[in-house]
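Text of the file model-v6.txt, holding compact mmCIF, C-alpha atoms:
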```txt
# COMPACT_ATOMS: atom_id res chain seq x y z
CA MET V 1 28.94 37.08 -12.33
CA PRO V 2 28.91 34.38 -9.58
CA THR V 3 32.30 32.84 -8.90
CA LYS V 4 33.19 29.39 -7.62
CA ASN V 5 33.48 30.80 -4.09
CA SER V 6 30.08 32.49 -4.32
CA LEU V 7 28.57 29.15 -5.43
CA LEU V 8 29.91 27.53 -2.26
CA THR V 9 28.46 30.40 -0.23
CA PHE V 10 25.04 29.94 -1.80
CA ARG V 11 25.15 26.19 -1.10
CA ASP V 12 26.10 26.84 2.53
CA GLU V 13 23.11 29.17 2.85
CA ILE V 14 20.82 26.49 1.36
CA ASN V 15 22.24 23.90 3.77
CA ASN V 16 21.47 26.22 6.71
CA ILE V 17 17.91 26.77 5.46
CA ASP V 18 17.42 23.00 5.06
CA LYS V 19 18.56 22.45 8.66
CA LYS V 20 16.04 25.06 9.84
CA ILE V 21 13.27 23.32 7.85
CA VAL V 22 14.06 19.96 9.49
CA LYS V 23 14.06 21.55 12.96
CA LEU V 24 10.73 23.27 12.23
CA LEU V 25 9.23 19.96 11.03
CA ALA V 26 10.36 18.35 14.29
CA GLU V 27 8.74 21.19 16.28
CA ARG V 28 5.58 20.74 14.23
CA LYS V 29 5.51 17.02 15.00
CA THR V 30 5.77 17.76 18.73
CA LEU V 31 2.73 20.03 18.44
CA VAL V 32 0.89 17.39 16.40
CA LEU V 33 1.35 14.87 19.24
CA LYS V 34 0.00 17.40 21.74
CA ILE V 35 -3.00 18.02 19.48
CA ALA V 36 -3.58 14.25 19.22
CA GLN V 37 -3.59 13.96 23.03
CA CYS V 38 -6.15 16.77 23.24
CA LYS V 39 -8.35 15.07 20.63
CA ILE V 40 -8.21 11.76 22.49
CA LYS V 41 -9.07 13.48 25.77
CA ASN V 42 -11.97 15.44 24.23
CA ASN V 43 -13.18 12.57 22.02
CA GLN V 44 -12.64 14.53 18.79
CA ALA V 45 -12.08 13.20 15.27
CA ILE V 46 -8.49 12.90 14.04
CA ARG V 47 -9.08 14.56 10.68
CA ASP V 48 -10.77 17.88 9.86
CA LEU V 49 -10.93 17.96 6.07
CA GLU V 50 -12.54 21.41 5.96
CA ARG V 51 -9.72 22.89 8.04
CA GLU V 52 -7.12 21.20 5.80
CA LYS V 53 -8.79 22.66 2.71
CA LYS V 54 -8.78 26.21 4.14
CA MET V 55 -5.19 25.80 5.32
CA LEU V 56 -4.01 24.74 1.84
CA GLN V 57 -5.86 27.70 0.28
CA LYS V 58 -4.11 30.15 2.60
CA LEU V 59 -0.72 28.52 2.03
CA THR V 60 -1.06 28.53 -1.79
CA CYS V 61 -2.02 32.24 -1.67
CA LEU V 62 1.04 32.93 0.48
CA GLY V 63 3.12 30.89 -1.97
CA LYS V 64 1.90 32.99 -4.92
CA LYS V 65 2.97 36.16 -3.13
CA ASN V 66 6.42 34.62 -2.78
CA HIS V 67 6.57 33.41 -6.41
CA LEU V 68 5.95 29.74 -5.60
CA LYS V 69 3.60 27.65 -7.74
CA PRO V 70 0.34 26.43 -6.08
CA GLU V 71 1.07 22.85 -7.25
CA TYR V 72 4.41 22.87 -5.42
CA ILE V 73 2.90 24.19 -2.16
CA THR V 74 -0.03 21.75 -2.39
CA ARG V 75 2.18 18.68 -2.95
CA LEU V 76 4.52 19.69 -0.15
CA PHE V 77 1.86 20.34 2.47
CA GLN V 78 -0.30 17.37 1.50
CA LEU V 79 2.70 15.21 2.42
CA ILE V 80 3.16 17.12 5.70
CA ILE V 81 -0.56 16.80 6.52
CA GLU V 82 -0.62 13.07 5.77
CA GLU V 83 2.40 12.55 8.05
CA SER V 84 0.60 14.50 10.81
CA VAL V 85 -2.54 12.39 10.39
CA LEU V 86 -0.48 9.19 10.46
CA THR V 87 1.27 10.32 13.66
CA GLN V 88 -2.09 11.00 15.32
CA LYS V 89 -3.54 7.69 14.09
CA LYS V 90 -0.65 5.74 15.57
CA LEU V 91 -1.08 7.43 18.95
CA LEU V 92 -4.85 6.91 18.96
CA GLN V 93 -4.59 3.28 17.87
CA LYS V 94 -2.01 2.55 20.57
CA PHE V 95 -4.27 4.26 23.09
CA SER V 96 -7.31 2.25 21.89
CA ASN V 97 -5.70 -1.18 21.51
CA ASN V 98 -2.87 -0.86 24.05
CA ASN V 99 -0.29 -2.46 21.71
CA GLU V 100 2.49 -4.19 23.62
CA LEU V 101 6.08 -3.45 22.72
CA ILE V 102 6.96 -7.02 21.75
CA PRO V 103 8.42 -8.34 18.48
CA ILE V 104 5.74 -8.87 15.83
CA ILE V 105 6.25 -11.50 13.12
CA PHE V 106 5.27 -10.53 9.55
CA SER V 107 4.94 -13.13 6.78
CA PHE V 108 5.28 -12.05 3.15
CA LEU V 109 6.08 -13.32 -0.32
CA GLY V 110 9.87 -13.37 -0.19
CA PRO V 111 12.82 -13.44 -0.20
CA LYS V 112 13.91 -10.09 1.28
CA GLY V 113 13.90 -7.28 -1.24
CA SER V 114 10.49 -8.17 -2.69
CA TYR V 115 7.81 -5.48 -2.75
CA SER V 116 5.87 -7.46 -0.14
CA HIS V 117 8.95 -7.32 2.08
CA ILE V 118 9.14 -3.54 1.58
CA ALA V 119 5.44 -3.20 2.49
CA ALA V 120 5.86 -5.39 5.61
CA CYS V 121 8.82 -3.34 6.85
CA GLU V 122 7.08 -0.02 6.18
CA TYR V 123 3.88 -1.08 7.96
CA ALA V 124 5.86 -2.46 10.90
CA ASP V 125 7.89 0.74 11.13
CA ARG V 126 4.70 2.81 11.26
CA ASN V 127 2.87 0.72 13.84
CA PHE V 128 5.30 -1.31 15.95
CA GLN V 129 8.68 -0.84 17.59
CA LYS V 130 10.00 -4.34 16.87
CA CYS V 131 9.32 -6.79 14.06
CA ILE V 132 10.60 -10.10 12.71
CA THR V 133 10.15 -10.99 9.03
CA ASN V 134 9.21 -14.43 7.75
CA GLU V 135 9.83 -15.22 4.06
CA CYS V 136 7.28 -17.40 2.23
CA SER V 137 7.35 -18.87 -1.26
CA THR V 138 3.62 -18.51 -2.13
CA PHE V 139 0.65 -16.34 -1.16
CA GLU V 140 -1.05 -19.42 0.29
CA GLU V 141 1.98 -20.08 2.50
CA VAL V 142 1.82 -16.47 3.73
CA ILE V 143 -1.74 -17.00 4.94
CA LEU V 144 -1.10 -20.46 6.39
CA SER V 145 1.79 -19.14 8.48
CA VAL V 146 -0.65 -16.86 10.33
CA GLU V 147 -3.47 -19.41 10.49
CA ASN V 148 -1.04 -21.89 12.06
CA ASN V 149 0.27 -19.34 14.61
CA LYS V 150 3.76 -19.24 13.07
CA SER V 151 3.49 -15.48 12.51
CA ASP V 152 1.24 -12.59 13.54
CA TYR V 153 0.50 -10.78 10.30
CA ALA V 154 0.15 -11.76 6.65
CA VAL V 155 1.13 -9.13 4.06
CA LEU V 156 -0.53 -9.55 0.67
CA PRO V 157 -0.74 -7.36 -2.45
CA ILE V 158 -4.36 -6.98 -3.51
CA GLU V 159 -4.37 -4.48 -6.39
CA ASN V 160 -2.09 -2.38 -8.56
CA THR V 161 -2.90 0.86 -10.36
CA CYS V 162 -1.28 -0.48 -13.53
CA SER V 163 -2.21 -4.19 -13.71
CA GLY V 164 -5.42 -4.18 -11.64
CA SER V 165 -6.61 -6.71 -9.06
CA ILE V 166 -4.59 -9.73 -8.02
CA HIS V 167 -7.16 -12.50 -8.41
CA GLU V 168 -5.14 -15.19 -6.64
CA VAL V 169 -5.35 -13.17 -3.43
CA PHE V 170 -9.13 -12.68 -3.75
CA ASN V 171 -9.60 -16.44 -4.01
CA LEU V 172 -7.55 -16.95 -0.83
CA LEU V 173 -9.56 -14.33 1.05
CA LYS V 174 -12.76 -16.26 0.41
CA ASN V 175 -11.49 -19.35 2.25
CA THR V 176 -9.24 -18.00 5.01
CA ASN V 177 -10.42 -17.39 8.58
CA LEU V 178 -8.11 -14.37 8.90
CA PHE V 179 -9.29 -10.75 8.99
CA ILE V 180 -8.01 -7.64 7.21
CA ILE V 181 -6.77 -5.27 9.93
CA GLY V 182 -4.83 -2.72 7.86
CA GLU V 183 -3.62 -1.56 4.48
CA ILE V 184 -0.64 0.26 3.04
CA ASN V 185 0.04 1.75 -0.39
CA ILE V 186 3.55 1.39 -1.83
CA PHE V 187 4.95 3.21 -4.85
CA ILE V 188 6.38 0.54 -7.15
CA ASN V 189 9.58 1.55 -8.90
CA HIS V 190 10.30 -1.36 -11.25
CA CYS V 191 13.96 -1.38 -12.29
CA LEU V 192 15.88 -3.44 -14.81
CA LEU V 193 18.76 -4.95 -12.83
CA ALA V 194 21.85 -6.96 -13.75
CA LEU V 195 25.10 -8.15 -12.21
CA LYS V 196 27.07 -5.65 -14.31
CA LYS V 197 26.34 -2.74 -16.61
CA ILE V 198 25.35 -4.38 -19.89
CA GLU V 199 23.90 -3.18 -23.19
CA LEU V 200 20.19 -4.00 -23.41
CA ASN V 201 20.52 -5.78 -26.76
CA LYS V 202 23.00 -8.22 -25.17
CA ILE V 203 20.54 -9.36 -22.50
CA GLN V 204 19.31 -12.91 -23.13
CA ARG V 205 16.77 -13.59 -20.36
CA VAL V 206 14.77 -11.44 -17.95
CA TYR V 207 13.48 -12.93 -14.69
CA SER V 208 10.67 -11.71 -12.45
CA HIS V 209 7.27 -12.42 -10.95
CA PRO V 210 4.43 -12.28 -13.56
CA GLN V 211 3.04 -9.00 -12.14
CA PRO V 212 6.07 -6.79 -13.03
CA PHE V 213 6.08 -8.16 -16.59
CA GLN V 214 2.42 -7.18 -16.88
CA GLN V 215 3.02 -3.74 -15.36
CA CYS V 216 6.07 -3.07 -17.58
CA SER V 217 4.69 -4.61 -20.78
CA ASN V 218 5.28 -1.48 -22.90
CA PHE V 219 8.99 -1.52 -22.10
CA ILE V 220 9.33 -5.30 -22.52
CA LYS V 221 7.74 -5.16 -26.00
CA LYS V 222 10.67 -3.07 -27.23
CA PHE V 223 12.95 -6.10 -26.84
CA PRO V 224 11.23 -9.07 -28.52
CA LYS V 225 14.40 -11.20 -28.41
CA TRP V 226 14.43 -11.30 -24.62
CA LYS V 227 13.28 -14.60 -23.15
CA ILE V 228 10.84 -14.04 -20.29
CA LYS V 229 11.31 -16.27 -17.24
CA TYR V 230 8.77 -16.27 -14.40
CA THR V 231 9.81 -16.63 -10.76
CA LYS V 232 7.92 -16.84 -7.46
CA SER V 233 8.80 -13.23 -6.58
CA THR V 234 10.96 -10.33 -7.75
CA ALA V 235 13.42 -11.03 -4.92
CA ASP V 236 13.58 -14.70 -5.92
CA ALA V 237 14.63 -13.53 -9.41
CA MET V 238 17.35 -11.26 -8.00
CA LYS V 239 18.60 -14.06 -5.79
CA LYS V 240 18.69 -16.44 -8.76
CA ILE V 241 20.96 -14.43 -11.10
CA THR V 242 23.24 -13.53 -8.17
CA LYS V 243 23.59 -17.15 -7.08
CA TYR V 244 24.36 -18.48 -10.57
CA ASN V 245 26.39 -15.43 -11.69
CA GLU V 246 24.25 -14.97 -14.82
CA ILE V 247 26.00 -11.97 -16.39
CA ASN V 248 23.91 -11.83 -19.60
CA ASN V 249 20.59 -12.03 -17.79
CA ALA V 250 18.57 -9.35 -16.04
CA VAL V 251 15.75 -8.93 -13.53
CA LEU V 252 12.71 -6.70 -13.06
CA GLY V 253 12.92 -5.80 -9.38
CA SER V 254 13.05 -3.07 -6.76
CA GLU V 255 15.76 -0.48 -6.17
CA ILE V 256 16.00 -1.63 -2.55
CA GLY V 257 16.44 -5.19 -3.78
CA SER V 258 19.34 -4.10 -5.99
CA LYS V 259 21.18 -2.92 -2.87
CA ILE V 260 20.46 -6.14 -0.98
CA TYR V 261 21.75 -8.37 -3.79
CA GLY V 262 24.48 -6.07 -5.13
CA LEU V 263 22.94 -5.56 -8.59
CA LYS V 264 23.45 -2.69 -11.03
CA ILE V 265 20.47 -0.56 -12.11
CA LEU V 266 20.19 -0.40 -15.90
CA HIS V 267 16.85 1.45 -16.04
CA LYS V 268 14.35 2.85 -13.51
CA ASN V 269 10.58 3.51 -13.44
CA LEU V 270 9.63 1.04 -16.17
CA ALA V 271 5.90 0.68 -15.41
CA ASN V 272 3.32 1.54 -18.06
CA THR V 273 1.95 4.32 -15.82
CA LYS V 274 3.90 6.92 -13.84
CA LYS V 275 1.94 6.42 -10.63
CA ASN V 276 2.45 2.69 -10.24
CA ILE V 277 1.11 1.96 -6.76
CA THR V 278 0.33 -1.39 -5.15
CA ARG V 279 -2.12 -1.64 -2.30
CA PHE V 280 -1.19 -4.24 0.31
CA ILE V 281 -3.48 -5.61 3.01
CA LEU V 282 -2.50 -6.90 6.45
CA LEU V 283 -4.29 -9.94 7.89
CA ASN V 284 -4.47 -11.21 11.45
CA ARG V 285 -6.25 -14.03 13.29
CA ASN V 286 -8.49 -11.56 15.14
CA PRO V 287 -10.53 -8.60 13.90
CA ILE V 288 -9.88 -5.19 15.45
CA LYS V 289 -12.21 -2.52 16.76
CA ILE V 290 -11.69 0.87 15.16
CA SER V 291 -12.47 4.14 16.89
CA GLU V 292 -15.19 6.13 15.16
CA LYS V 293 -12.76 9.06 15.11
CA ILE V 294 -10.51 7.27 12.58
CA PRO V 295 -11.36 7.15 8.83
CA THR V 296 -12.35 3.52 8.33
CA LYS V 297 -12.89 1.02 5.55
CA THR V 298 -14.94 -2.19 5.66
CA SER V 299 -14.21 -4.97 3.14
CA LEU V 300 -16.50 -7.87 2.34
CA ILE V 301 -17.17 -10.48 -0.32
CA PHE V 302 -20.52 -11.87 -1.39
CA GLY V 303 -21.78 -14.35 -3.95
CA ILE V 304 -24.78 -14.19 -6.24
CA GLY V 305 -26.23 -16.77 -8.56
CA GLN V 306 -27.83 -16.18 -11.94
CA GLU V 307 -30.65 -14.09 -10.51
CA SER V 308 -31.11 -11.02 -12.72
CA GLY V 309 -30.35 -7.68 -11.06
CA ALA V 310 -28.93 -9.09 -7.80
CA LEU V 311 -25.82 -6.91 -7.93
CA ALA V 312 -27.87 -3.83 -8.79
CA LYS V 313 -30.00 -4.47 -5.69
CA VAL V 314 -26.89 -4.62 -3.48
CA LEU V 315 -25.57 -1.36 -4.92
CA LEU V 316 -28.98 0.26 -4.47
CA ILE V 317 -28.95 -0.63 -0.77
CA LEU V 318 -25.57 1.09 -0.38
CA GLU V 319 -26.86 4.13 -2.24
CA GLU V 320 -29.97 4.35 -0.07
CA LYS V 321 -27.80 4.26 3.06
CA LYS V 322 -25.46 6.86 1.50
CA LEU V 323 -22.51 4.49 1.95
CA ILE V 324 -19.49 5.29 -0.24
CA MET V 325 -18.16 2.35 -2.23
CA LYS V 326 -14.38 2.60 -2.79
CA LYS V 327 -13.85 -0.57 -4.83
CA LEU V 328 -15.88 -3.27 -6.57
CA ASN V 329 -14.25 -6.33 -8.10
CA SER V 330 -16.00 -9.32 -9.66
CA GLN V 331 -14.73 -12.85 -10.15
CA THR V 332 -16.24 -16.15 -11.23
CA ILE V 333 -16.07 -18.70 -8.42
CA TYR V 334 -13.69 -21.57 -9.13
CA LYS V 335 -15.48 -24.90 -9.80
CA ASN V 336 -18.83 -23.07 -9.90
CA PRO V 337 -18.95 -20.88 -13.05
CA SER V 338 -22.68 -20.18 -12.64
CA GLU V 339 -21.98 -18.25 -9.43
CA GLU V 340 -20.15 -14.93 -9.29
CA MET V 341 -18.22 -13.48 -6.36
CA PHE V 342 -17.82 -9.77 -5.64
CA TYR V 343 -15.24 -8.02 -3.48
CA ILE V 344 -16.24 -4.61 -2.19
CA ASP V 345 -14.63 -1.86 -0.06
CA ILE V 346 -16.96 0.56 1.70
CA GLN V 347 -15.90 3.76 3.43
CA VAL V 348 -17.65 3.08 6.73
CA ASN V 349 -17.10 1.61 10.18
CA LEU V 350 -18.51 -1.91 10.45
CA SER V 351 -20.04 -1.13 13.86
CA SER V 352 -22.09 1.80 12.55
CA LYS V 353 -25.88 1.41 12.45
CA LEU V 354 -25.96 2.32 8.75
CA MET V 355 -23.59 -0.52 7.88
CA GLN V 356 -25.37 -3.05 10.10
CA ASP V 357 -28.73 -2.17 8.54
CA ALA V 358 -27.25 -2.48 5.05
CA LEU V 359 -25.75 -5.90 5.85
CA GLN V 360 -29.10 -7.26 7.03
CA LYS V 361 -30.68 -6.30 3.71
CA ILE V 362 -27.76 -7.55 1.59
CA LYS V 363 -27.84 -10.97 3.29
CA LYS V 364 -31.39 -11.51 2.01
CA ILE V 365 -30.40 -11.18 -1.66
CA THR V 366 -26.99 -12.92 -1.74
CA LYS V 367 -26.04 -16.61 -1.69
CA PHE V 368 -23.31 -15.91 0.88
CA ILE V 369 -21.64 -12.92 2.47
CA LYS V 370 -18.37 -12.73 4.40
CA ILE V 371 -16.94 -9.77 6.31
CA LEU V 372 -13.21 -9.64 5.55
CA GLY V 373 -12.39 -6.87 7.99
CA CYS V 374 -12.83 -3.34 9.27
CA TYR V 375 -9.63 -1.29 9.41
CA PRO V 376 -8.13 2.22 9.16
CA SER V 377 -8.23 3.47 5.56
CA GLU V 378 -5.09 4.96 4.10
CA ASN V 379 -4.93 7.74 1.54
CA ILE V 380 -2.42 7.05 -1.20
CA VAL V 381 0.89 8.49 -0.09
CA PRO V 382 3.59 7.01 -2.34
CA ILE V 383 6.50 5.40 -0.48
CA VAL V 384 9.53 5.29 -2.73
CA SER V 385 10.90 1.77 -2.97
```

Can you present the structure in this file as structure tokens?
Amino acid sequence: MPTKNSLLTFRDEINNIDKKIVKLLAERKTLVLKIAQCKIKNNQAIRDLEREKKMLQKLTCLGKKNHLKPEYITRLFQLIIEESVLTQKKLLQKFSNNNELIPIIFSFLGPKGSYSHIAACEYADRNFQKCITNECSTFEEVILSVENNKSDYAVLPIENTCSGSIHEVFNLLKNTNLFIIGEINIFINHCLLALKKIELNKIQRVYSHPQPFQQCSNFIKKFPKWKIKYTKSTADAMKKITKYNEINNAVLGSEIGSKIYGLKILHKNLANTKKNITRFILLNRNPIKISEKIPTKTSLIFGIGQESGALAKVLLILEEKKLIMKKLNSQTIYKNPSEEMFYIDIQVNLSSKLMQDALQKIKKITKFIKILGCYPSENIVPIVS
């Protein structure tokens, strides 16, 4: 029977194995960078999906022989592969655009600790060496700060797997002269936070942005006596109860935010769905050119009147060109209810002949069309917040 000393021995062995794993991952990353340099030199695509598929098959078979479940091996190596692809993308993009190592200013819906702040920091960490953050009180202010040259990038949430599209942002995209140049997916871990550990039935008010209340509605319904109070952002809510020392009140906010504002976590992962992911877009004053070797997404909006079958015609054009539609969102245009606006993401490079031909045909059957941007597409890799 294992003793206390043998338990310590086992843990030491595990610690040594973990150290070896980290060192091997570092060696792997060095090889990934060398592979990326070869691909750039030989003008090869970053991603080889067929090779990845075969590699995962071999690894899951090896895992079975060593009594490891295929799901475990698949999850582990999908994360490793995505990190490798991201590393290669960063090198290629720097090579293509020659990014200067200067501080980049990101505007987001603040204060610090909001999910937009988390997305801004994560995107900056992936793509730039230095960044400065600029807190804004509204989505409109976020966009205006870039339009007026006060910051370089606007960070905006555009959709959530639990609550759907964020319509306020779609309306802003129609009128701004900025371009989408990137996207990032963030895993949203909504937590119930308070100044001190408190019984849930003693909570009087809960503060947050409207989106978390929508995404955590199943949990909120369990406590009908709670008074719901909306704030400009989740971080604004955390800042509020900290400033006024509201002991009997709570907040729906991020785990990172709890550390910033010194709040206690009462409950974690409160969203209606387990995989609660928000997609954020990055906007800049200038569009970017994307290498054909990088998986790319093109986003656009178009308007149609009351003409019967107009949308079906647009979708038929995409089908004829074999263009893959990743998202379609409809919205009635403000002050013009007879006209409908559609937002669409297409898995294609804007500069491709197929896309250019499709655009020429779509323009003939729409009241207006606007290209929002062409940018590297990101597979959903949850980033714990």

Enclose region 153-158 of chain V, meaning all of its atoms listed in the file, in a box aligned along x, y and z, pad it by 3 Å on each side, and list the centre and edge lengths in Å to one decimal, as AutoDock Vina command-line options.
```
--center_x -1.6 --center_y -9.4 --center_z 3.4 --size_x 11.5 --size_y 10.8 --size_z 19.8
```

Practice prompt. Between V:Leu56, V:Ile14, V:Ala36, V:Ile369, single out the one closest to Arg75 (chain V), counting all atoms listed in the file.
Written response: V:Leu56

Worksheet entry | Exercise: region 141-153 of chain V partners within 6 Å, all atoms listed in the file, chain neighbours under 5 positions left out, as a PyMOL selection string | chain V and resi 105-108+136+283-284

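The list of residues with at least one atom within 6 Å of region 183-195 of chain V, based on all atoms listed in the file and without residues fewer than 6 positions apart in the same chain, reads Ile247, Ala250, Val251, Leu252, Gly253, Ser254, Leu263, Lys264, Ile265, Leu266, His267, Lys268, Asn269, Leu270, Asn276, Ile277, Thr278, Arg279, Phe280, Ile281, Leu282, Ile380, Pro382, Ile383 and Val384 of chain V.
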
Keeping only C-alpha atoms, write the selected residues to a file as a short mmCIF file (atom, residue, chain, number, x, y, z; two decimals), in the coordinates of the input.
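The new file out.cif reads:
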```
data_model
loop_
_atom_site.label_atom_id
_atom_site.label_comp_id
_atom_site.auth_asym_id
_atom_site.auth_seq_id
_atom_site.Cartn_x
_atom_site.Cartn_y
_atom_site.Cartn_z
CA ILE V 247 26.00 -11.97 -16.39
CA ALA V 250 18.57 -9.35 -16.04
CA VAL V 251 15.75 -8.93 -13.53
CA LEU V 252 12.71 -6.70 -13.06
CA GLY V 253 12.92 -5.80 -9.38
CA SER V 254 13.05 -3.07 -6.76
CA LEU V 263 22.94 -5.56 -8.59
CA LYS V 264 23.45 -2.69 -11.03
CA ILE V 265 20.47 -0.56 -12.11
CA LEU V 266 20.19 -0.40 -15.90
CA HIS V 267 16.85 1.45 -16.04
CA LYS V 268 14.35 2.85 -13.51
CA ASN V 269 10.58 3.51 -13.44
CA LEU V 270 9.63 1.04 -16.17
CA ASN V 276 2.45 2.69 -10.24
CA ILE V 277 1.11 1.96 -6.76
CA THR V 278 0.33 -1.39 -5.15
CA ARG V 279 -2.12 -1.64 -2.30
CA PHE V 280 -1.19 -4.24 0.31
CA ILE V 281 -3.48 -5.61 3.01
CA LEU V 282 -2.50 -6.90 6.45
CA ILE V 380 -2.42 7.05 -1.20
CA PRO V 382 3.59 7.01 -2.34
CA ILE V 383 6.50 5.40 -0.48
CA VAL V 384 9.53 5.29 -2.73
#
```

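Here CA of Ile301 (chain V) and CA of Ile346 (chain V) stand 11.2 Å from one another.
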
Worksheet entry | Separation of CA of Tyr230 (chain V) from CA of Gln211 (chain V), in Å and rounded to one decimal | 9.5 Å

Fill in: Cut-off 12 Å around (-8.3, 2.3, 3.5) with all atoms listed in the file: residues as a ChimeraX atom specification
/V:180-185,279-282,294-299,325-327,344-349,373-381

Discussion item. Show me, as JSON, numbers by chain, the residues that have an atom within 12 Å of Leu359 (chain V) when counting only C-alpha atoms, minus same-chain residues fewer than 2 positions from it.
Written reply: {"V": [298, 299, 300, 301, 302, 314, 315, 317, 318, 321, 323, 346, 350, 351, 352, 353, 354, 355, 356, 357, 361, 362, 363, 364, 365, 366, 368, 369, 370, 371]}

Item to complete: Quick one: pull the distance between CA of Lys240 (chain V) and CA of Lys196 (chain V), Å, one decimal.
Response: 14.7 Å

Discussion item. Need to verify the contact set: Thr74 (chain V), 7 Å, all atoms listed in the file, exclusion of same-chain residues closer than 3 positions in sequence. Can you return it as a list in words?
Written reply: Leu56, Thr60, Pro70, Glu71, Phe77 and Gln78 of chain V

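Of the residues listed (V:Asn218, V:Asn16, V:Ser84, V:Ser6), V:Ser84 shows the shortest atom-to-atom separation from Lys29 (chain V); distances use only C-alpha atoms.
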
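Counting all atoms listed in the file, the residue from V:Ile260, V:Ile35, V:Cys162, V:Ala237 that sits nearest to Gln214 (chain V) is V:Cys162.
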
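Closest approach to Ala154 (chain V) from the set V:Ser116, V:Asn171, V:Thr87, V:Asn127 is made by V:Ser116, with distances taken over only C-alpha atoms.
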